[in-house]
Structure formats: structure tokens, C-alpha cells
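For reference, start_37.pdb is printed below; it contains PDB, C-alpha atoms.
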```pdb
MODEL        1
ATOM      1  CA  MET A   1     111.752 116.292  98.096
ATOM      2  CA  THR A   2     114.173 115.038 100.759
ATOM      3  CA  LEU A   3     114.149 111.928 102.919
ATOM      4  CA  PRO A   4     114.252 112.337 106.715
ATOM      5  CA  PRO A   5     117.102 110.621 108.595
ATOM      6  CA  GLU A   6     115.031 107.594 109.646
ATOM      7  CA  ARG A   7     114.035 106.959 106.016
ATOM      8  CA  LEU A   8     117.617 107.373 104.858
ATOM      9  CA  ALA A   9     118.660 104.697 107.344
ATOM     10  CA  ARG A  10     115.843 102.378 106.312
ATOM     11  CA  PHE A  11     116.721 102.535 102.615
ATOM     12  CA  ALA A  12     120.485 102.853 102.964
ATOM     13  CA  ARG A  13     121.147  99.633 101.041
ATOM     14  CA  HIS A  14     119.216 101.039  98.075
ATOM     15  CA  ILE A  15     120.880 104.423  98.231
ATOM     16  CA  VAL A  16     124.415 103.029  98.115
ATOM     17  CA  LEU A  17     123.587 101.211  94.870
ATOM     18  CA  PRO A  18     124.792 103.380  91.965
ATOM     19  CA  GLU A  19     121.857 102.037  89.939
ATOM     20  CA  VAL A  20     119.357 103.522  92.425
ATOM     21  CA  GLY A  21     121.029 106.176  94.587
ATOM     22  CA  GLY A  22     119.375 108.959  96.515
ATOM     23  CA  ALA A  23     117.544 110.336  93.481
ATOM     24  CA  GLY A  24     116.151 106.909  92.694
ATOM     25  CA  GLN A  25     114.979 106.329  96.252
ATOM     26  CA  MET A  26     113.232 109.694  96.298
ATOM     27  CA  ALA A  27     111.520 108.743  93.015
ATOM     28  CA  LEU A  28     110.249 105.532  94.615
ATOM     29  CA  ALA A  29     109.016 107.460  97.654
ATOM     30  CA  ASP A  30     107.131 109.836  95.358
ATOM     31  CA  ALA A  31     105.567 107.047  93.264
ATOM     32  CA  HIS A  32     102.021 105.697  93.239
ATOM     33  CA  VAL A  33     101.608 102.025  92.337
ATOM     34  CA  VAL A  34      98.180 100.481  91.764
ATOM     35  CA  LEU A  35      98.224  96.735  92.447
ATOM     36  CA  VAL A  36      95.442  94.779  90.756
ATOM     37  CA  GLY A  37      95.000  91.539  92.686
ATOM     38  CA  CYS A  38      96.319  90.769  96.174
ATOM     39  CA  GLY A  39      96.671  87.022  95.626
ATOM     40  CA  GLY A  40      99.520  84.770  94.572
ATOM     41  CA  ILE A  41     101.373  87.367  92.509
ATOM     42  CA  GLY A  42     100.120  90.426  94.348
ATOM     43  CA  SER A  43     101.185  89.159  97.769
ATOM     44  CA  PRO A  44     104.970  88.925  97.147
ATOM     45  CA  ALA A  45     104.874  91.920  94.796
ATOM     46  CA  LEU A  46     103.311  94.017  97.549
ATOM     47  CA  GLN A  47     105.922  92.911 100.072
ATOM     48  CA  TYR A  48     108.784  94.157  97.915
ATOM     49  CA  LEU A  49     107.029  97.280  96.665
ATOM     50  CA  ALA A  50     106.450  98.256 100.283
ATOM     51  CA  ALA A  51     109.981  97.262 101.234
ATOM     52  CA  ALA A  52     111.281  99.474  98.420
ATOM     53  CA  GLY A  53     109.529 102.479  99.959
ATOM     54  CA  ILE A  54     106.885 103.096  97.278
ATOM     55  CA  GLY A  55     105.152 106.102  98.796
ATOM     56  CA  ARG A  56     101.561 105.362  97.797
ATOM     57  CA  LEU A  57      99.969 101.971  97.198
ATOM     58  CA  THR A  58      96.443 101.324  95.954
ATOM     59  CA  LEU A  59      95.241  97.726  96.385
ATOM     60  CA  ILE A  60      92.349  96.210  94.427
ATOM     61  CA  ASP A  61      90.785  92.826  95.179
ATOM     62  CA  ASP A  62      87.199  91.678  95.746
ATOM     63  CA  ASP A  63      88.088  88.242  97.178
ATOM     64  CA  THR A  64      88.464  87.050 100.782
ATOM     65  CA  VAL A  65      91.316  85.103 102.352
ATOM     66  CA  ASP A  66      90.880  81.320 102.243
ATOM     67  CA  VAL A  67      92.928  78.687 104.050
ATOM     68  CA  SER A  68      94.176  77.381 100.683
ATOM     69  CA  ASN A  69      95.751  80.796  99.968
ATOM     70  CA  LEU A  70      98.246  80.481 102.819
ATOM     71  CA  GLN A  71     100.446  78.081 100.831
ATOM     72  CA  ARG A  72     101.633  80.947  98.597
ATOM     73  CA  GLN A  73     100.051  84.267  99.655
ATOM     74  CA  THR A  74     102.544  84.995 102.385
ATOM     75  CA  ILE A  75     101.224  88.321 103.692
ATOM     76  CA  TYR A  76      98.230  86.504 105.200
ATOM     77  CA  ALA A  77      97.960  84.471 108.405
ATOM     78  CA  PRO A  78      95.283  82.048 109.661
ATOM     79  CA  SER A  79      93.743  84.953 111.592
ATOM     80  CA  ASP A  80      93.036  86.675 108.235
ATOM     81  CA  ILE A  81      90.834  83.855 106.892
ATOM     82  CA  GLY A  82      87.485  85.287 105.835
ATOM     83  CA  LYS A  83      88.739  88.888 105.668
ATOM     84  CA  PRO A  84      88.734  90.848 102.399
ATOM     85  CA  LYS A  85      92.173  90.446 100.867
ATOM     86  CA  ALA A  86      92.568  94.135 100.038
ATOM     87  CA  GLU A  87      91.912  95.134 103.652
ATOM     88  CA  ALA A  88      94.094  92.383 105.130
ATOM     89  CA  ALA A  89      96.896  93.338 102.730
ATOM     90  CA  ALA A  90      96.541  96.992 103.723
ATOM     91  CA  GLU A  91      96.810  95.987 107.387
ATOM     92  CA  TRP A  92     100.056  94.163 106.587
ATOM     93  CA  VAL A  93     101.478  97.296 104.954
ATOM     94  CA  ARG A  94     100.511  99.450 107.932
ATOM     95  CA  ARG A  95     102.273  97.065 110.304
ATOM     96  CA  PHE A  96     105.308  96.961 108.054
ATOM     97  CA  ASP A  97     105.791 100.684 107.369
ATOM     98  CA  LEU A  98     103.678 103.517 108.757
ATOM     99  CA  GLY A  99     105.434 105.907 106.372
ATOM    100  CA  LEU A 100     103.530 104.567 103.345
ATOM    101  CA  GLU A 101     100.097 105.700 102.169
ATOM    102  CA  ILE A 102      97.824 102.735 101.544
ATOM    103  CA  LEU A 103      94.351 102.685  99.980
ATOM    104  CA  PRO A 104      92.464  99.359  99.698
ATOM    105  CA  HIS A 105      89.511  98.848  97.339
ATOM    106  CA  VAL A 106      87.351  95.798  98.061
ATOM    107  CA  THR A 107      85.840  95.770  94.609
ATOM    108  CA  ARG A 108      86.018  94.231  91.159
ATOM    109  CA  LEU A 109      87.158  96.519  88.389
ATOM    110  CA  GLY A 110      84.600  97.319  85.707
ATOM    111  CA  GLY A 111      83.698  99.990  83.241
ATOM    112  CA  ASP A 112      82.092 102.084  85.967
ATOM    113  CA  ASN A 113      85.150 102.401  88.226
ATOM    114  CA  VAL A 114      88.365 101.423  86.429
ATOM    115  CA  ALA A 115      89.366 104.866  85.156
ATOM    116  CA  GLU A 116      88.694 106.542  88.503
ATOM    117  CA  ILE A 117      90.708 103.982  90.490
ATOM    118  CA  LEU A 118      93.691 103.814  88.107
ATOM    119  CA  SER A 119      93.875 107.552  87.460
ATOM    120  CA  GLY A 120      97.041 109.171  88.781
ATOM    121  CA  ALA A 121      99.063 105.966  89.039
ATOM    122  CA  SER A 122     102.761 106.040  88.195
ATOM    123  CA  VAL A 123     102.480 102.396  87.130
ATOM    124  CA  VAL A 124      99.833  99.673  87.389
ATOM    125  CA  LEU A 125     100.976  96.175  88.364
ATOM    126  CA  ASP A 126      98.388  93.622  87.263
ATOM    127  CA  GLY A 127      98.544  90.158  88.795
ATOM    128  CA  CYS A 128      94.844  89.304  88.588
ATOM    129  CA  ASP A 129      93.450  85.921  87.595
ATOM    130  CA  ASN A 130      91.251  86.568  84.538
ATOM    131  CA  PHE A 131      91.708  87.925  81.039
ATOM    132  CA  ALA A 132      88.623  90.159  81.074
ATOM    133  CA  THR A 133      90.053  92.248  83.912
ATOM    134  CA  ARG A 134      93.552  92.198  82.415
ATOM    135  CA  LEU A 135      92.280  93.544  79.100
ATOM    136  CA  LEU A 136      90.100  96.140  80.834
ATOM    137  CA  VAL A 137      93.087  97.328  82.882
ATOM    138  CA  SER A 138      95.381  97.386  79.852
ATOM    139  CA  ASP A 139      92.913  99.350  77.731
ATOM    140  CA  CYS A 140      92.425 101.854  80.543
ATOM    141  CA  CYS A 141      96.194 102.241  80.984
ATOM    142  CA  VAL A 142      96.500 103.026  77.272
ATOM    143  CA  LYS A 143      93.748 105.619  77.512
ATOM    144  CA  LEU A 144      95.173 107.260  80.652
ATOM    145  CA  GLY A 145      98.814 107.080  79.529
ATOM    146  CA  ILE A 146      99.930 104.841  82.411
ATOM    147  CA  PRO A 147     102.644 102.163  82.047
ATOM    148  CA  LEU A 148     101.524  98.619  82.883
ATOM    149  CA  THR A 149     103.470  95.798  84.498
ATOM    150  CA  SER A 150     101.711  92.518  83.711
ATOM    151  CA  ALA A 151     102.545  89.292  85.560
ATOM    152  CA  ALA A 152     101.009  85.823  85.292
ATOM    153  CA  VAL A 153     101.831  82.319  86.460
ATOM    154  CA  GLY A 154     100.557  78.831  85.668
ATOM    155  CA  ARG A 155     102.017  75.735  87.267
ATOM    156  CA  PHE A 156     105.781  76.185  86.721
ATOM    157  CA  GLN A 157     105.651  78.900  84.065
ATOM    158  CA  GLY A 158     105.568  82.639  84.572
ATOM    159  CA  GLN A 159     105.286  85.703  82.363
ATOM    160  CA  VAL A 160     106.294  89.267  83.242
ATOM    161  CA  ALA A 161     106.368  92.282  80.940
ATOM    162  CA  ASN A 162     106.151  96.050  80.968
ATOM    163  CA  PHE A 163     103.800  97.624  78.439
ATOM    164  CA  ALA A 164     103.419 101.234  77.313
ATOM    165  CA  GLY A 165     100.746 101.044  74.634
ATOM    166  CA  HIS A 166     100.049 104.762  74.991
ATOM    167  CA  LEU A 167     103.389 105.421  73.294
ATOM    168  CA  PRO A 168     103.260 105.404  69.477
ATOM    169  CA  ASP A 169     105.928 102.741  68.997
ATOM    170  CA  GLN A 170     105.033 100.398  71.871
ATOM    171  CA  ALA A 171     102.693  97.404  72.140
ATOM    172  CA  CYS A 172      99.985  97.069  74.766
ATOM    173  CA  TYR A 173      98.831  93.906  76.536
ATOM    174  CA  ARG A 174      95.955  93.512  74.040
ATOM    175  CA  CYS A 175      98.522  93.409  71.217
ATOM    176  CA  PHE A 176      99.974  90.382  73.003
ATOM    177  CA  VAL A 177      96.866  88.313  73.809
ATOM    178  CA  GLY A 178      94.326  89.573  71.282
ATOM    179  CA  ASP A 179      90.575  89.995  71.726
ATOM    180  CA  ALA A 180      89.349  86.428  72.158
ATOM    181  CA  PHE A 181      89.669  86.040  75.930
ATOM    182  CA  ASP A 182      87.085  86.503  78.668
ATOM    183  CA  ALA A 183      86.748  85.585  82.339
ATOM    184  CA  GLN A 184      85.834  81.983  81.584
ATOM    185  CA  ASP A 185      89.010  81.242  79.645
ATOM    186  CA  CYS A 186      91.503  81.185  82.517
ATOM    187  CA  ASP A 187      92.953  78.084  84.081
ATOM    188  CA  THR A 188      92.826  78.096  87.869
ATOM    189  CA  CYS A 189      95.289  77.218  90.595
ATOM    190  CA  ALA A 190      92.624  75.041  92.211
ATOM    191  CA  ALA A 191      92.372  72.869  89.089
ATOM    192  CA  ASP A 192      95.992  72.858  87.935
ATOM    193  CA  GLY A 193      97.990  73.415  91.121
ATOM    194  CA  VAL A 194     100.749  75.936  91.705
ATOM    195  CA  LEU A 195     104.028  75.936  93.596
ATOM    196  CA  GLY A 196     104.117  78.662  96.229
ATOM    197  CA  ALA A 197     107.751  79.548  95.561
ATOM    198  CA  MET A 198     106.953  79.922  91.847
ATOM    199  CA  VAL A 199     104.419  82.705  92.395
ATOM    200  CA  GLY A 200     106.889  84.284  94.813
ATOM    201  CA  MET A 201     109.528  84.271  92.080
ATOM    202  CA  VAL A 202     107.162  85.834  89.532
ATOM    203  CA  GLY A 203     105.681  88.350  91.978
ATOM    204  CA  THR A 204     109.025  89.666  93.166
ATOM    205  CA  PHE A 205     110.324  89.836  89.580
ATOM    206  CA  ALA A 206     107.207  91.861  88.694
ATOM    207  CA  ALA A 207     107.913  94.238  91.590
ATOM    208  CA  MET A 208     111.438  94.804  90.285
ATOM    209  CA  HIS A 209     110.096  95.312  86.764
ATOM    210  CA  ALA A 210     107.649  97.940  88.049
ATOM    211  CA  MET A 211     110.546  99.675  89.794
ATOM    212  CA  ARG A 212     112.367  99.841  86.445
ATOM    213  CA  VAL A 213     109.447 101.902  85.148
ATOM    214  CA  LEU A 214     109.421 104.147  88.218
ATOM    215  CA  LEU A 215     113.156 104.823  87.902
ATOM    216  CA  ASP A 216     113.063 105.498  84.160
ATOM    217  CA  GLY A 217     114.990 108.731  83.591
ATOM    218  CA  LYS A 218     115.859 109.027  87.281
ATOM    219  CA  ALA A 219     118.348 106.216  87.944
ATOM    220  CA  ALA A 220     120.414 103.709  85.985
ATOM    221  CA  LEU A 221     118.076 100.835  86.883
ATOM    222  CA  GLY A 222     115.314 102.609  84.993
ATOM    223  CA  VAL A 223     115.298 100.664  81.730
ATOM    224  CA  PRO A 224     111.642  99.526  81.468
ATOM    225  CA  GLN A 225     112.151  97.059  78.585
ATOM    226  CA  TYR A 226     108.681  97.880  77.271
ATOM    227  CA  GLY A 227     107.196  95.181  75.072
ATOM    228  CA  THR A 228     109.682  92.478  76.059
ATOM    229  CA  LEU A 229     107.942  89.523  77.674
ATOM    230  CA  GLN A 230     110.109  87.507  80.054
ATOM    231  CA  LEU A 231     109.115  83.826  79.965
ATOM    232  CA  ILE A 232     110.129  82.128  83.214
ATOM    233  CA  ASP A 233     110.428  78.337  83.352
ATOM    234  CA  GLY A 234     110.561  77.240  86.964
ATOM    235  CA  LEU A 235     111.277  73.594  86.181
ATOM    236  CA  ALA A 236     114.372  74.076  84.023
ATOM    237  CA  PRO A 237     114.936  76.749  85.444
ATOM    238  CA  SER A 238     115.437  79.355  82.740
ATOM    239  CA  MET A 239     114.285  82.725  81.457
ATOM    240  CA  ARG A 240     113.727  83.679  77.841
ATOM    241  CA  PRO A 241     112.797  87.116  76.425
ATOM    242  CA  LEU A 242     110.135  87.444  73.729
ATOM    243  CA  ARG A 243     109.569  90.696  71.881
ATOM    244  CA  ILE A 244     105.902  91.729  71.479
ATOM    245  CA  ALA A 245     105.241  93.732  68.319
ATOM    246  CA  LYS A 246     102.714  96.544  68.277
ATOM    247  CA  ASP A 247      99.577  95.444  66.412
ATOM    248  CA  PRO A 248      98.575  98.224  64.018
ATOM    249  CA  GLY A 249      95.030  96.867  64.105
ATOM    250  CA  CYS A 250      94.802  96.760  67.923
ATOM    251  CA  ARG A 251      91.547  98.397  68.937
ATOM    252  CA  ALA A 252      93.133  99.808  72.109
ATOM    253  CA  CYS A 253      96.424 101.268  70.889
ATOM    254  CA  GLY A 254      96.685 100.626  67.139
ATOM    255  CA  VAL A 255      94.806 103.625  65.729
ATOM    256  CA  PRO A 256      94.993 106.747  67.916
ATOM    257  CA  ALA A 257      92.011 108.382  66.236
ATOM    258  CA  THR A 258      89.680 105.565  67.237
ATOM    259  CA  GLY A 259      91.430 104.201  70.304
ATOM    260  CA  GLU A 260      89.379 106.074  72.914
ATOM    261  CA  ALA A 261      86.069 105.362  71.211
ATOM    262  CA  ALA A 262      86.973 101.691  70.899
ATOM    263  CA  PHE A 263      87.966 101.604  74.562
ATOM    264  CA  GLN A 264      84.618 103.073  75.613
ATOM    265  CA  ALA A 265      82.771 100.571  73.440
ATOM    266  CA  ASP A 266      84.656  97.693  75.023
ATOM    267  CA  LEU A 267      83.805  98.601  78.605
ATOM    268  CA  PRO A 268      81.274  96.248  80.211
ATOM    269  CA  SER A 269      77.993  97.797  81.275
TER     270      SER A 269
ENDMDL
END
```

If you took the structure in this file and wrote it as C-alpha cells, what would it be?
Amino acid sequence: MTLPPERLARFARHIVLPEVGGAGQMALADAHVVLVGCGGIGSPALQYLAAAGIGRLTLIDDDTVDVSNLQRQTIYAPSDIGKPKAEAAAEWVRRFDLGLEILPHVTRLGGDNVAEILSGASVVLDGCDNFATRLLVSDCCVKLGIPLTSAAVGRFQGQVANFAGHLPDQACYRCFVGDAFDAQDCDTCAADGVLGAMVGMVGTFAAMHAMRVLLDGKAALGVPQYGTLQLIDGLAPSMRPLRIAKDPGCRACGVPATGEAAFQADLPS
């Protein structure tokens, strides 16, 4: 694969970085990122994934743009209010770079569609707003052998980590949070508030973390740091790493012989 002259000019500032280089930029152009959630985290993450030249982007969100989103979801404008977020986000990408392939899904992930939509991804970046979907996505990534970048934010605190639970020595997201969460357990931005710049900070950090996965083995930046959760304190500000141990009893990744059966049993009907 080679980049045409206009793409070389567009990504010249990447290519001159020894940590990325031409080989790294071609790897990004050949990558497929699935973005779960086009909201507070997904919006800035998408901007920098697209700006990095990720060749194929799949967007998943079943929500519509609301006026309250504009304070932090910076890909949307007042003219987008009422539109499905996935479609409005795809329109932004098309305006930004016609050289990227974009596929929006206006849907909620469930047991009937998650494997089909995630299949073939180079990495999944999950910035959704509920634990049920996060666990579903993580379990599916383990089953399909896809690395997962997980990002979350609440008030002035953020969390970003890469997981590779399909690898024998690596934890998955379920190892981190356990089995006790469902869609009703999440705090909401509407109730607790959120600073727009904080989700921007977490979303762009998540985009860079996903790029570490994509460049693994192809460029010096490619050190995924699997299983290391970065805790971001926006008030201090500070960042602290936390190592997540693989749970040998995890029903998604702990016991390979029963992992797939357990995953199927966990899928909602």
C-alpha cells in the first residue's frame, strides 16, 4: 500500500515523526476503527481519528442530537439538532475528509447485532454511557479477538485503558468492573454535570490510545499498554496509572474452554 501525493502532504506532520513515519501512517490508513457512542467522548475521539487518517470508521449510536449536547459534542451544530448522532457524525467526517470510508449505524448494540457490527475491526473504541453495552462490547471483543479501547468520564474524572482479553495473559474490561453492572447503574451528565473540555481531554486521549494499538508492531508509538488504566483527574490536574489484573474466574476471558459459551449465555435476548 502506498499513499498518493495529496495524502502524503496531508499527513506530512505525522510522517516526519520517527514514532509514526510512513509505515505507521500507512497502517493508520489501512485500519478499521469501530466507535461505540458518538457523544461526549466519541465526538472528540472521532475528530482526531479522522484527522489521523484512519481509513475506515464505523459509528454506532441510537441517540439524536439535543441542544444540551452542543456544550461538549463539538462535531455538531444547531442545524444538527434532532438528527441521529451517527448520521450527523458521518456527515461531519465526509465534509472533513472524502478519502475516508464511513459507515454509520443508527442502532443500539445487542446480542442480535453486536458480533456482526464489530467483526473485522482493527480496534473498538467504546465511549458509550452505560455498563450493559460496555460489557457486551468487551465480551464480544474477547470472542472476536479484537483489542478494545475503553474511555469514560464523570464530572472531572476520566478513565482510559486498552484491553486485550483475548490474549492469555491480558485482562478484559469485565475483569476490571465485574458482573454487577447494568444500564440502570450509570450516573448521567444531566444529573451530575460535566465540563466540556474534560470530555475533550478524555476523548482525544482515547483516540491516541487507540492509535497505539493500531501502530503496534508497525511504528515506535505502538505500545498499547494493555491492562493499564489511566486515571485522569481534571481538577488537580494529574494522571495516575493503575494495573488491571486478569481475573482467572472472569466468565468472558478467564477460562478459554468456557469463554464462548459464557459469552453466548450473557447476550440479551

Report as a PDB file with C-alpha atoms, in the coordinates of the input the full result of the PyMOL selection byres ((chain A and resi 119) around 12) when it is applied to this structure.
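Generated output (part01.pdb):
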```pdb
ATOM      1  CA  HIS A  32     102.021 105.697  93.239  1.00  0.00           C
ATOM      2  CA  VAL A  33     101.608 102.025  92.337  1.00  0.00           C
ATOM      3  CA  VAL A  34      98.180 100.481  91.764  1.00  0.00           C
ATOM      4  CA  THR A  58      96.443 101.324  95.954  1.00  0.00           C
ATOM      5  CA  ASN A 113      85.150 102.401  88.226  1.00  0.00           C
ATOM      6  CA  VAL A 114      88.365 101.423  86.429  1.00  0.00           C
ATOM      7  CA  ALA A 115      89.366 104.866  85.156  1.00  0.00           C
ATOM      8  CA  GLU A 116      88.694 106.542  88.503  1.00  0.00           C
ATOM      9  CA  ILE A 117      90.708 103.982  90.490  1.00  0.00           C
ATOM     10  CA  LEU A 118      93.691 103.814  88.107  1.00  0.00           C
ATOM     11  CA  GLY A 120      97.041 109.171  88.781  1.00  0.00           C
ATOM     12  CA  ALA A 121      99.063 105.966  89.039  1.00  0.00           C
ATOM     13  CA  SER A 122     102.761 106.040  88.195  1.00  0.00           C
ATOM     14  CA  VAL A 123     102.480 102.396  87.130  1.00  0.00           C
ATOM     15  CA  VAL A 124      99.833  99.673  87.389  1.00  0.00           C
ATOM     16  CA  VAL A 137      93.087  97.328  82.882  1.00  0.00           C
ATOM     17  CA  CYS A 140      92.425 101.854  80.543  1.00  0.00           C
ATOM     18  CA  CYS A 141      96.194 102.241  80.984  1.00  0.00           C
ATOM     19  CA  VAL A 142      96.500 103.026  77.272  1.00  0.00           C
ATOM     20  CA  LYS A 143      93.748 105.619  77.512  1.00  0.00           C
ATOM     21  CA  LEU A 144      95.173 107.260  80.652  1.00  0.00           C
ATOM     22  CA  GLY A 145      98.814 107.080  79.529  1.00  0.00           C
ATOM     23  CA  ILE A 146      99.930 104.841  82.411  1.00  0.00           C
ATOM     24  CA  PRO A 147     102.644 102.163  82.047  1.00  0.00           C
TER      25      PRO A 147
END
```

Residues matched by the PyMOL selection byres ((chain A and resi 174) around 9) as a tab-separated table (two decimals) with C-alpha atoms, in the coordinates of the input:
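Final output, result_29.tsv:
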```tsv
chain	number	residue	atom	x	y	z
A	134	ARG	CA	93.55	92.20	82.42
A	135	LEU	CA	92.28	93.54	79.10
A	138	SER	CA	95.38	97.39	79.85
A	139	ASP	CA	92.91	99.35	77.73
A	165	GLY	CA	100.75	101.04	74.63
A	171	ALA	CA	102.69	97.40	72.14
A	172	CYS	CA	99.98	97.07	74.77
A	173	TYR	CA	98.83	93.91	76.54
A	175	CYS	CA	98.52	93.41	71.22
A	176	PHE	CA	99.97	90.38	73.00
A	177	VAL	CA	96.87	88.31	73.81
A	178	GLY	CA	94.33	89.57	71.28
A	179	ASP	CA	90.58	90.00	71.73
A	247	ASP	CA	99.58	95.44	66.41
A	250	CYS	CA	94.80	96.76	67.92
A	251	ARG	CA	91.55	98.40	68.94
A	252	ALA	CA	93.13	99.81	72.11
A	253	CYS	CA	96.42	101.27	70.89
```

Next item on the list: Identify the residues within 10 Å of coordinate (89.0, 94.2, 85.7) (same frame as the file), considering all atoms listed in the file, and give the answer as an MDAnalysis selection string.
Entry: chainID A and resid 36:37 60:61 107:111 113:114 126 128:138 140 183 267:268

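This file gives the following result for the PyMOL selection byres ((chain A and resi 72) around 6): A:Gly40, A:Leu70, A:Gln71, A:Gln73, A:Thr74, A:Gly196.
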
For the selection you just gave me, I'd like the residues written to a file as a short mmCIF file (atom, residue, chain, number, x, y, z; two decimals), in the coordinates of the input, keeping C-alpha atoms.
```
data_model
loop_
_atom_site.label_atom_id
_atom_site.label_comp_id
_atom_site.auth_asym_id
_atom_site.auth_seq_id
_atom_site.Cartn_x
_atom_site.Cartn_y
_atom_site.Cartn_z
CA GLY A 40 99.52 84.77 94.57
CA LEU A 70 98.25 80.48 102.82
CA GLN A 71 100.45 78.08 100.83
CA GLN A 73 100.05 84.27 99.66
CA THR A 74 102.54 85.00 102.38
CA GLY A 196 104.12 78.66 96.23
#
```

Next item on the list: Fewer than 6 positions away in the same chain doesn't count, so skip those; otherwise give me all residues within 10 Å of A:Asp80, counting all atoms listed in the file, as a list in words.
Entry: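 The filter keeps Thr64, Val65, Asp66, Val67, Leu70, Glu87, Ala88 and Ala89 of chain A.
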
Checklist line | Nearest to A:Pro18, chosen from A:Lys83, A:Lys218, A:Lys246, A:Arg240, with all atoms listed in the file counted in the distances | finding: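 Using all atoms listed in the file, A:Pro18 sits closest to A:Lys218.
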
Next item on the list: Fewer than 3 positions away in the same chain doesn't count, so skip those; otherwise give me all residues within 7 Å of A:Ala219, counting all atoms listed in the file, as a ChimeraX atom specification.
Entry: /A:19-20,23-24,215-216,222

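Residue nearest A:Leu28 within the list A:Pro4, A:Gly55, A:Pro104, A:Gly42: A:Gly55 [criterion: smallest interatomic distance, all atoms listed in the file].
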
Note to self: I'd like to know which of A:Pro224, A:Gly127, A:Gly217, A:Gly200 is closest to A:Asn162, using only C-alpha atoms.
What the structure shows: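 Distance minimum relative to A:Asn162 lands on A:Pro224.
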
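With atom CA of A:Tyr226 on one side and atom CA of A:Val213 on the other, the separation reads 8.9 Å.
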
Notebook entry, point to check: At what distance in Å, to one decimal, does atom CA of A:Cys38 lie from atom CA of A:Ala210?
Noted result: 15.7 Å

Check: Restricting the calculation to only C-alpha atoms, which member of A:Ala29, A:His14, A:Gly249, A:Leu100 is positioned closest to A:Thr2?
Finding: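 So, comparing all the options, the nearest one is A:Ala29.
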
Next item on the list: In Å, rounded to a single decimal, give me how far atom CA of A:Leu46 is from atom CA of A:Lys85.
Entry: 12.2 Å

Next item on the list: Within 8 Å of A:Val202, counting all atoms listed in the file, which residues show up once you throw out same-chain ones fewer than 5 positions away? Write them as a PyMOL selection string, please.
Entry: chain A and resi 41+151-153+158-160+232

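Checking A:Thr149, A:Gln47, A:Gln225, A:Gln170 one by one against A:Phe96, counting all atoms listed in the file, you find the shortest gap at A:Gln47.
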